[in-house]
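Reviewing the structure listed below.
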Amino acid sequence: MKNIITGLLFAMLWASASVATKIGIHSAPPLVLGNVRFFIAGFVLLGFCYLVNRDKSYRMPTLREWRQLAIFGFLNTTLYLGLYVYAMKYIAAGIGSLATSTNPLLIVLLSSWLIGRRPEKAELWSIVIGMAGIGLATYPLLHSGETSLGGLAILMTSMVAISFASVYYARIQWALPNLLINGWQVTLGGIFLLPFTLAFSDFSSVRLDHRFIYAVLWLSLAVSVIGLICWFYLLKIDTVKASLWLFLCPLFGFFYAWWLLDEPITLYTIAGTLMVVAGLYIGQRKKLGGELQ
């Protein structure tokens, strides 16, 4: 029961990021919103690790670990989240949640390419079906002006970035605790993003109103802290079964977008979401079958 509650909480929080971002960018440029979020999340995580937790494993990184954290932070926070936040200015919130759920599909393809393993037919079909589902769900939004091709291209680039980050993370033999890894990578990623934020953001448009405050606190504390704690817990229990909770993210994401932003749910939305879920299932079916035997 504890695992089920944790999985549901993760899916609900993770799916809310696109809607919270969409609300926040009404009061601040996307990169400003992202940088504030990253620094708050990093401050909370590192503060807990070094000031509250007395475990000796929560130490300062070595020189080699600093390099690994910097690479991971650049891929996972600077590139992925920086591009994702920027893309939300040009796409519907529901599409942002739907695209996020394709990460396992891209990771399969990327892992195969990096290690020289030829992807299986089921893996290729899962990617084709998943991407086609995103295209189908996006189709009516392109005509309504709620989503642009440019925004969709930036979004998919961010998905490739997090796939690289996930593969890199999996290939490193980390000696640091997960909370400490996340605290440093989000902080370093925020530092790397800062020059771009200062160069390309219009700070005169920043309004420190309730929308900005609520969005930043939700993204930094609920999503980046609590959501990731849930995710690391699920990964520790079972990596394959943890990925199953990503199936729920599109469902929660479109519900939030409809409920809070009045984004329409059409037959295209439903059909596209079902295709993405089907693609995820096809890509994970072999692993799941092995786990259940």
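Residue names in the structure tokens use chain letters A, B, ... in the order shown, residue numbers from 1 in each chain, and ligand numbers from 1 in the order shown.
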- Find the residues near segment 177-191 of chain A: any atom within 6 Å, counting only C-alpha atoms, skip ones fewer than 3 places away on the same chain, and give them as a ChimeraX atom specification. /A:35,38-39,42,45-46,69,73-74,77-78,194
Would you mind exporting the chosen residues as an mmCIF file, in the first residue's frame, restricted to all heavy atoms?
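Final file, selection.cif:
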data_model
loop_
_atom_site.group_PDB
_atom_site.id
_atom_site.type_symbol
_atom_site.label_atom_id
_atom_site.label_comp_id
_atom_site.auth_asym_id
_atom_site.auth_seq_id
_atom_site.Cartn_x
_atom_site.Cartn_y
_atom_site.Cartn_z
ATOM 1 N N ASN A 35 15.015 29.418 -13.213
ATOM 2 C CA ASN A 35 16.175 29.640 -12.354
ATOM 3 C C ASN A 35 15.787 29.788 -10.891
ATOM 4 O O ASN A 35 16.447 29.232 -10.004
ATOM 5 C CB ASN A 35 16.949 30.873 -12.813
ATOM 6 C CG ASN A 35 18.290 30.543 -13.422
ATOM 7 O OD1 ASN A 35 18.691 31.098 -14.435
ATOM 8 N ND2 ASN A 35 19.025 29.620 -12.814
ATOM 9 N N PHE A 38 14.996 26.333 -9.557
ATOM 10 C CA PHE A 38 16.163 25.469 -9.358
ATOM 11 C C PHE A 38 16.928 25.850 -8.094
ATOM 12 O O PHE A 38 17.354 24.974 -7.335
ATOM 13 C CB PHE A 38 17.099 25.545 -10.564
ATOM 14 C CG PHE A 38 16.436 25.201 -11.875
ATOM 15 C CD1 PHE A 38 16.868 25.767 -13.074
ATOM 16 C CD2 PHE A 38 15.368 24.319 -11.919
ATOM 17 C CE1 PHE A 38 16.255 25.453 -14.264
ATOM 18 C CE2 PHE A 38 14.736 23.997 -13.125
ATOM 19 C CZ PHE A 38 15.189 24.566 -14.294
ATOM 20 N N PHE A 39 17.077 27.150 -7.866
ATOM 21 C CA PHE A 39 17.851 27.581 -6.701
ATOM 22 C C PHE A 39 17.110 27.294 -5.392
ATOM 23 O O PHE A 39 17.730 26.930 -4.390
ATOM 24 C CB PHE A 39 18.203 29.057 -6.814
ATOM 25 C CG PHE A 39 19.279 29.340 -7.834
ATOM 26 C CD1 PHE A 39 19.221 30.469 -8.635
ATOM 27 C CD2 PHE A 39 20.354 28.475 -7.993
ATOM 28 C CE1 PHE A 39 20.215 30.727 -9.573
ATOM 29 C CE2 PHE A 39 21.355 28.724 -8.931
ATOM 30 C CZ PHE A 39 21.281 29.851 -9.720
ATOM 31 N N GLY A 42 17.401 23.498 -4.865
ATOM 32 C CA GLY A 42 18.761 23.162 -4.454
ATOM 33 C C GLY A 42 19.039 23.561 -3.022
ATOM 34 O O GLY A 42 19.662 22.809 -2.250
ATOM 35 N N LEU A 45 17.171 21.062 -0.669
ATOM 36 C CA LEU A 45 17.773 19.733 -0.654
ATOM 37 C C LEU A 45 19.142 19.730 0.014
ATOM 38 O O LEU A 45 19.439 18.875 0.857
ATOM 39 C CB LEU A 45 17.887 19.212 -2.093
ATOM 40 C CG LEU A 45 16.569 18.788 -2.749
ATOM 41 C CD1 LEU A 45 16.762 18.585 -4.251
ATOM 42 C CD2 LEU A 45 16.032 17.517 -2.112
ATOM 43 N N LEU A 46 19.992 20.693 -0.359
ATOM 44 C CA LEU A 46 21.337 20.734 0.231
ATOM 45 C C LEU A 46 21.278 21.125 1.707
ATOM 46 O O LEU A 46 22.067 20.638 2.522
ATOM 47 C CB LEU A 46 22.211 21.719 -0.544
ATOM 48 C CG LEU A 46 22.543 21.310 -1.996
ATOM 49 C CD1 LEU A 46 23.364 22.387 -2.684
ATOM 50 C CD2 LEU A 46 23.276 19.979 -2.026
ATOM 51 N N LEU A 69 28.721 15.484 -11.431
ATOM 52 C CA LEU A 69 27.533 16.265 -11.065
ATOM 53 C C LEU A 69 27.314 17.424 -12.027
ATOM 54 O O LEU A 69 26.169 17.752 -12.371
ATOM 55 C CB LEU A 69 27.675 16.795 -9.635
ATOM 56 C CG LEU A 69 27.557 15.768 -8.507
ATOM 57 C CD1 LEU A 69 28.035 16.360 -7.197
ATOM 58 C CD2 LEU A 69 26.123 15.276 -8.382
ATOM 59 N N GLY A 73 24.053 17.762 -14.120
ATOM 60 C CA GLY A 73 23.262 18.968 -13.901
ATOM 61 C C GLY A 73 23.043 19.753 -15.180
ATOM 62 O O GLY A 73 21.955 20.301 -15.406
ATOM 63 N N PHE A 74 24.074 19.814 -16.033
ATOM 64 C CA PHE A 74 23.939 20.529 -17.301
ATOM 65 C C PHE A 74 22.907 19.844 -18.204
ATOM 66 O O PHE A 74 22.065 20.512 -18.809
ATOM 67 C CB PHE A 74 25.286 20.600 -18.015
ATOM 68 C CG PHE A 74 25.235 21.296 -19.339
ATOM 69 C CD1 PHE A 74 25.139 22.682 -19.408
ATOM 70 C CD2 PHE A 74 25.262 20.571 -20.527
ATOM 71 C CE1 PHE A 74 25.077 23.336 -20.632
ATOM 72 C CE2 PHE A 74 25.195 21.215 -21.757
ATOM 73 C CZ PHE A 74 25.107 22.597 -21.809
ATOM 74 N N THR A 77 19.208 19.581 -15.846
ATOM 75 C CA THR A 77 18.565 20.826 -15.401
ATOM 76 C C THR A 77 18.719 21.948 -16.421
ATOM 77 O O THR A 77 17.725 22.527 -16.861
ATOM 78 C CB THR A 77 19.140 21.258 -14.036
ATOM 79 O OG1 THR A 77 18.839 20.246 -13.066
ATOM 80 C CG2 THR A 77 18.532 22.567 -13.588
ATOM 81 N N THR A 78 19.971 22.266 -16.800
ATOM 82 C CA THR A 78 20.187 23.385 -17.727
ATOM 83 C C THR A 78 19.513 23.137 -19.067
ATOM 84 O O THR A 78 18.714 23.963 -19.538
ATOM 85 C CB THR A 78 21.691 23.622 -17.946
ATOM 86 O OG1 THR A 78 22.347 23.734 -16.686
ATOM 87 C CG2 THR A 78 21.909 24.904 -18.750
ATOM 88 N N LEU A 194 22.016 30.385 -15.560
ATOM 89 C CA LEU A 194 21.922 31.792 -15.179
ATOM 90 C C LEU A 194 22.399 32.764 -16.249
ATOM 91 O O LEU A 194 21.724 33.776 -16.501
ATOM 92 C CB LEU A 194 22.675 32.019 -13.869
ATOM 93 C CG LEU A 194 22.469 33.364 -13.186
ATOM 94 C CD1 LEU A 194 20.993 33.612 -12.899
ATOM 95 C CD2 LEU A 194 23.271 33.427 -11.880
#
Could you give me, as a tab-separated table, every segment 73-176 of chain A residue with an atom at most 10 Å from segment 247-261 of chain A, plus its closest atom pair and distance in Å to one decimal, counting only C-alpha atoms, rows ordered by chain then number?
residue	atom	partner	partner_atom	distance
A:Ala92	CA	A:Ala257	CA	8.1
A:Ala93	CA	A:Ala257	CA	5.9
A:Gly94	CA	A:Phe254	CA	4.6
A:Ile95	CA	A:Phe254	CA	7.9
A:Gly96	CA	A:Gly253	CA	8.1
A:Ser97	CA	A:Gly253	CA	5.2
A:Leu98	CA	A:Pro250	CA	4.7
A:Ala99	CA	A:Pro250	CA	8.2
A:Thr100	CA	A:Cys249	CA	8.1
A:Ser101	CA	A:Cys249	CA	6.6
A:Thr102	CA	A:Phe247	CA	9.4
- Hey, what does DSSP flag as alpha helix (DSSP H) within segment 43-229 of chain A? Can you give it to me as number ranges by chain? A: 43-47, 63-73, 82-87, 93-100, 103-115, 121-144, 149-171, 178-200, 210-217, 228-229
- Message: Show me, as number ranges by chain, the residues that have an atom within 12 Å of Phe164 of chain A when counting only C-alpha atoms, minus same-chain residues fewer than 3 positions from it.
- Response: A: 71-77, 79-80, 103-104, 106-114, 157-161, 167-171
With N, CA, C and O atoms retained, write the just-selected residues as a CSV table (one decimal), in the first residue's frame.
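selection-v7.csv, freshly written:
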chain,number,residue,atom,x,y,z
A,71,ILE,N,28.2,17.6,-15.2
A,71,ILE,CA,27.7,17.0,-16.5
A,71,ILE,C,26.2,16.7,-16.4
A,71,ILE,O,25.4,17.0,-17.2
A,72,PHE,N,25.9,16.0,-15.3
A,72,PHE,CA,24.5,15.6,-15.1
A,72,PHE,C,23.6,16.8,-14.9
A,72,PHE,O,22.5,16.8,-15.4
A,73,GLY,N,24.1,17.8,-14.1
A,73,GLY,CA,23.3,19.0,-13.9
A,73,GLY,C,23.0,19.8,-15.2
A,73,GLY,O,22.0,20.3,-15.4
A,74,PHE,N,24.1,19.8,-16.0
A,74,PHE,CA,23.9,20.5,-17.3
A,74,PHE,C,22.9,19.8,-18.2
A,74,PHE,O,22.1,20.5,-18.8
A,75,LEU,N,23.0,18.5,-18.3
A,75,LEU,CA,22.0,17.8,-19.1
A,75,LEU,C,20.6,17.8,-18.5
A,75,LEU,O,19.6,18.0,-19.3
A,76,ASN,N,20.5,17.5,-17.2
A,76,ASN,CA,19.2,17.3,-16.6
A,76,ASN,C,18.5,18.6,-16.3
A,76,ASN,O,17.2,18.6,-16.3
A,77,THR,N,19.2,19.6,-15.8
A,77,THR,CA,18.6,20.8,-15.4
A,77,THR,C,18.7,21.9,-16.4
A,77,THR,O,17.7,22.5,-16.9
A,79,LEU,N,19.8,22.0,-19.7
A,79,LEU,CA,19.3,21.7,-21.0
A,79,LEU,C,17.8,21.3,-20.9
A,79,LEU,O,16.9,21.9,-21.5
A,80,TYR,N,17.6,20.2,-20.2
A,80,TYR,CA,16.2,19.6,-20.2
A,80,TYR,C,15.2,20.6,-19.6
A,80,TYR,O,14.2,21.0,-20.3
A,103,ASN,N,9.7,9.7,-22.2
A,103,ASN,CA,11.2,9.5,-21.8
A,103,ASN,C,11.6,8.1,-21.9
A,103,ASN,O,12.7,7.8,-22.4
A,104,PRO,N,10.9,7.1,-21.3
A,104,PRO,CA,11.4,5.7,-21.4
A,104,PRO,C,11.6,5.2,-22.8
A,104,PRO,O,12.5,4.4,-23.1
A,106,LEU,N,12.5,7.1,-25.5
A,106,LEU,CA,13.7,7.7,-26.0
A,106,LEU,C,14.9,7.1,-25.3
A,106,LEU,O,16.0,6.9,-26.0
A,107,ILE,N,14.8,6.8,-24.1
A,107,ILE,CA,16.0,6.2,-23.3
A,107,ILE,C,16.3,4.8,-23.9
A,107,ILE,O,17.5,4.5,-24.1
A,108,VAL,N,15.3,4.0,-24.3
A,108,VAL,CA,15.6,2.7,-24.9
A,108,VAL,C,16.4,2.9,-26.2
A,108,VAL,O,17.4,2.2,-26.5
A,109,LEU,N,15.9,3.8,-27.1
A,109,LEU,CA,16.6,4.1,-28.3
A,109,LEU,C,18.0,4.6,-28.1
A,109,LEU,O,19.0,4.2,-28.8
A,110,LEU,N,18.2,5.5,-27.2
A,110,LEU,CA,19.5,6.2,-27.0
A,110,LEU,C,20.4,5.2,-26.3
A,110,LEU,O,21.6,5.1,-26.7
A,111,SER,N,19.9,4.4,-25.4
A,111,SER,CA,20.8,3.3,-24.8
A,111,SER,C,21.3,2.4,-25.8
A,111,SER,O,22.5,2.0,-25.8
A,112,SER,N,20.4,2.0,-26.7
A,112,SER,CA,20.8,1.0,-27.8
A,112,SER,C,21.9,1.6,-28.7
A,112,SER,O,22.9,0.9,-29.1
A,113,TRP,N,21.8,2.9,-29.0
A,113,TRP,CA,22.7,3.6,-29.9
A,113,TRP,C,24.1,3.7,-29.2
A,113,TRP,O,25.1,3.4,-29.8
A,114,LEU,N,24.1,4.0,-27.9
A,114,LEU,CA,25.4,4.3,-27.2
A,114,LEU,C,26.1,3.0,-26.9
A,114,LEU,O,27.4,3.0,-26.9
A,157,THR,N,13.3,18.5,-28.1
A,157,THR,CA,14.7,18.6,-27.9
A,157,THR,C,15.0,18.4,-26.4
A,157,THR,O,16.0,17.8,-26.0
A,158,SER,N,14.1,19.0,-25.6
A,158,SER,CA,14.3,18.8,-24.1
A,158,SER,C,14.1,17.4,-23.7
A,158,SER,O,14.8,16.9,-22.8
A,159,MET,N,13.3,16.6,-24.4
A,159,MET,CA,13.1,15.2,-24.1
A,159,MET,C,14.3,14.4,-24.5
A,159,MET,O,14.7,13.5,-23.8
A,160,VAL,N,15.0,14.8,-25.6
A,160,VAL,CA,16.2,14.1,-25.9
A,160,VAL,C,17.3,14.4,-24.9
A,160,VAL,O,18.1,13.5,-24.5
A,161,ALA,N,17.3,15.7,-24.4
A,161,ALA,CA,18.3,16.0,-23.3
A,161,ALA,C,18.1,15.2,-22.1
A,161,ALA,O,19.1,14.7,-21.5
A,167,VAL,N,20.5,8.3,-19.2
A,167,VAL,CA,21.5,7.3,-19.6
A,167,VAL,C,22.8,7.6,-18.9
A,167,VAL,O,23.5,6.6,-18.4
A,168,TYR,N,23.2,8.8,-18.9
A,168,TYR,CA,24.5,9.2,-18.2
A,168,TYR,C,24.4,8.8,-16.7
A,168,TYR,O,25.4,8.3,-16.2
A,169,TYR,N,23.3,9.2,-16.1
A,169,TYR,CA,23.1,8.9,-14.7
A,169,TYR,C,23.2,7.4,-14.4
A,169,TYR,O,23.9,6.9,-13.4
A,170,ALA,N,22.7,6.6,-15.3
A,170,ALA,CA,22.7,5.1,-15.1
A,170,ALA,C,24.0,4.5,-15.3
A,170,ALA,O,24.4,3.4,-14.7
A,171,ARG,N,24.9,5.2,-16.1
A,171,ARG,CA,26.2,4.6,-16.4
A,171,ARG,C,27.3,5.0,-15.3
A,171,ARG,O,28.4,4.4,-15.3
- Would you kindly return, as a list in words, each protein, DNA or RNA residue with an atom no farther than 7 Å from any atom of Ser201 of chain A, considering only C-alpha atoms and excluding same-chain residues fewer than 6 positions away?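 Once the adjacent positions are removed, what remains is Pro29, Leu31 and Val32 of chain A.
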Report as a PDB file with all heavy atoms, in the first residue's frame all protein, DNA and RNA residues lying within 8 Å of segment 217-221 of chain A, evaluated on only C-alpha atoms, omitting residues in the same chain fewer than 6 positions from it.
ATOM      1  N   ALA A  17       3.653  19.611 -13.282  1.00  0.00           N
ATOM      2  CA  ALA A  17       4.719  20.577 -13.590  1.00  0.00           C
ATOM      3  C   ALA A  17       4.380  21.466 -14.779  1.00  0.00           C
ATOM      4  O   ALA A  17       4.649  22.668 -14.760  1.00  0.00           O
ATOM      5  CB  ALA A  17       6.030  19.833 -13.847  1.00  0.00           C
ATOM      6  N   ALA A  20       1.702  24.100 -13.738  1.00  0.00           N
ATOM      7  CA  ALA A  20       2.290  25.100 -12.843  1.00  0.00           C
ATOM      8  C   ALA A  20       3.219  26.037 -13.615  1.00  0.00           C
ATOM      9  O   ALA A  20       3.245  27.250 -13.372  1.00  0.00           O
ATOM     10  CB  ALA A  20       3.053  24.409 -11.722  1.00  0.00           C
ATOM     11  N   THR A  21       3.985  25.480 -14.549  1.00  0.00           N
ATOM     12  CA  THR A  21       4.867  26.307 -15.378  1.00  0.00           C
ATOM     13  C   THR A  21       4.048  27.254 -16.248  1.00  0.00           C
ATOM     14  O   THR A  21       4.385  28.440 -16.379  1.00  0.00           O
ATOM     15  CB  THR A  21       5.754  25.423 -16.273  1.00  0.00           C
ATOM     16  OG1 THR A  21       6.540  24.557 -15.445  1.00  0.00           O
ATOM     17  CG2 THR A  21       6.674  26.271 -17.133  1.00  0.00           C
ATOM     18  N   ARG A  37      13.187  28.527  -9.466  1.00  0.00           N
ATOM     19  CA  ARG A  37      12.775  27.180  -9.042  1.00  0.00           C
ATOM     20  C   ARG A  37      13.987  26.320  -8.706  1.00  0.00           C
ATOM     21  O   ARG A  37      14.010  25.658  -7.666  1.00  0.00           O
ATOM     22  CB  ARG A  37      11.961  26.522 -10.166  1.00  0.00           C
ATOM     23  CG  ARG A  37      11.760  25.034  -9.991  1.00  0.00           C
ATOM     24  CD  ARG A  37      11.263  24.389 -11.269  1.00  0.00           C
ATOM     25  NE  ARG A  37      11.144  22.945 -11.118  1.00  0.00           N
ATOM     26  CZ  ARG A  37      10.746  22.134 -12.096  1.00  0.00           C
ATOM     27  NH1 ARG A  37      10.438  22.629 -13.288  1.00  0.00           N
ATOM     28  NH2 ARG A  37      10.655  20.832 -11.883  1.00  0.00           N
ATOM     29  N   PHE A  38      14.996  26.333  -9.557  1.00  0.00           N
ATOM     30  CA  PHE A  38      16.163  25.469  -9.358  1.00  0.00           C
ATOM     31  C   PHE A  38      16.928  25.850  -8.094  1.00  0.00           C
ATOM     32  O   PHE A  38      17.354  24.974  -7.335  1.00  0.00           O
ATOM     33  CB  PHE A  38      17.099  25.545 -10.564  1.00  0.00           C
ATOM     34  CG  PHE A  38      16.436  25.201 -11.875  1.00  0.00           C
ATOM     35  CD1 PHE A  38      16.868  25.767 -13.074  1.00  0.00           C
ATOM     36  CD2 PHE A  38      15.368  24.319 -11.919  1.00  0.00           C
ATOM     37  CE1 PHE A  38      16.255  25.453 -14.264  1.00  0.00           C
ATOM     38  CE2 PHE A  38      14.736  23.997 -13.125  1.00  0.00           C
ATOM     39  CZ  PHE A  38      15.189  24.566 -14.294  1.00  0.00           C
ATOM     40  N   ILE A  40      15.788  27.440  -5.402  1.00  0.00           N
ATOM     41  CA  ILE A  40      15.029  27.125  -4.196  1.00  0.00           C
ATOM     42  C   ILE A  40      15.107  25.632  -3.898  1.00  0.00           C
ATOM     43  O   ILE A  40      15.350  25.212  -2.751  1.00  0.00           O
ATOM     44  CB  ILE A  40      13.554  27.569  -4.338  1.00  0.00           C
ATOM     45  CG1 ILE A  40      13.453  29.088  -4.354  1.00  0.00           C
ATOM     46  CG2 ILE A  40      12.710  26.993  -3.194  1.00  0.00           C
ATOM     47  CD1 ILE A  40      12.049  29.612  -4.554  1.00  0.00           C
ATOM     48  N   ALA A  41      14.906  24.796  -4.932  1.00  0.00           N
ATOM     49  CA  ALA A  41      14.972  23.343  -4.751  1.00  0.00           C
ATOM     50  C   ALA A  41      16.359  22.923  -4.267  1.00  0.00           C
ATOM     51  O   ALA A  41      16.493  22.089  -3.357  1.00  0.00           O
ATOM     52  CB  ALA A  41      14.624  22.631  -6.058  1.00  0.00           C
TER      53      ALA A  41
END
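The interatomic distance for the pair atom CA of Val225 of chain A and atom CA of Leu152 of chain A works out to 26.8 Å.
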- Pick from A:Val19, A:Leu105, A:Leu124, A:Val36: nearest to Met88 of chain A, with only C-alpha atoms counted?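 Between A:Val19, A:Leu105, A:Leu124, A:Val36, the residue approaching Met88 of chain A most closely is A:Val19.
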- Message: Quick check, in Å to one decimal: how far apart do atom CA of Ala87 of chain A and atom CA of Leu155 of chain A lie?
- Response: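 Distance reported for this atom pair: 5.4 Å.
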- Just how far from atom CA of Met131 of chain A is atom CA of Ile270 of chain A, in Å to one decimal? 14.5 Å
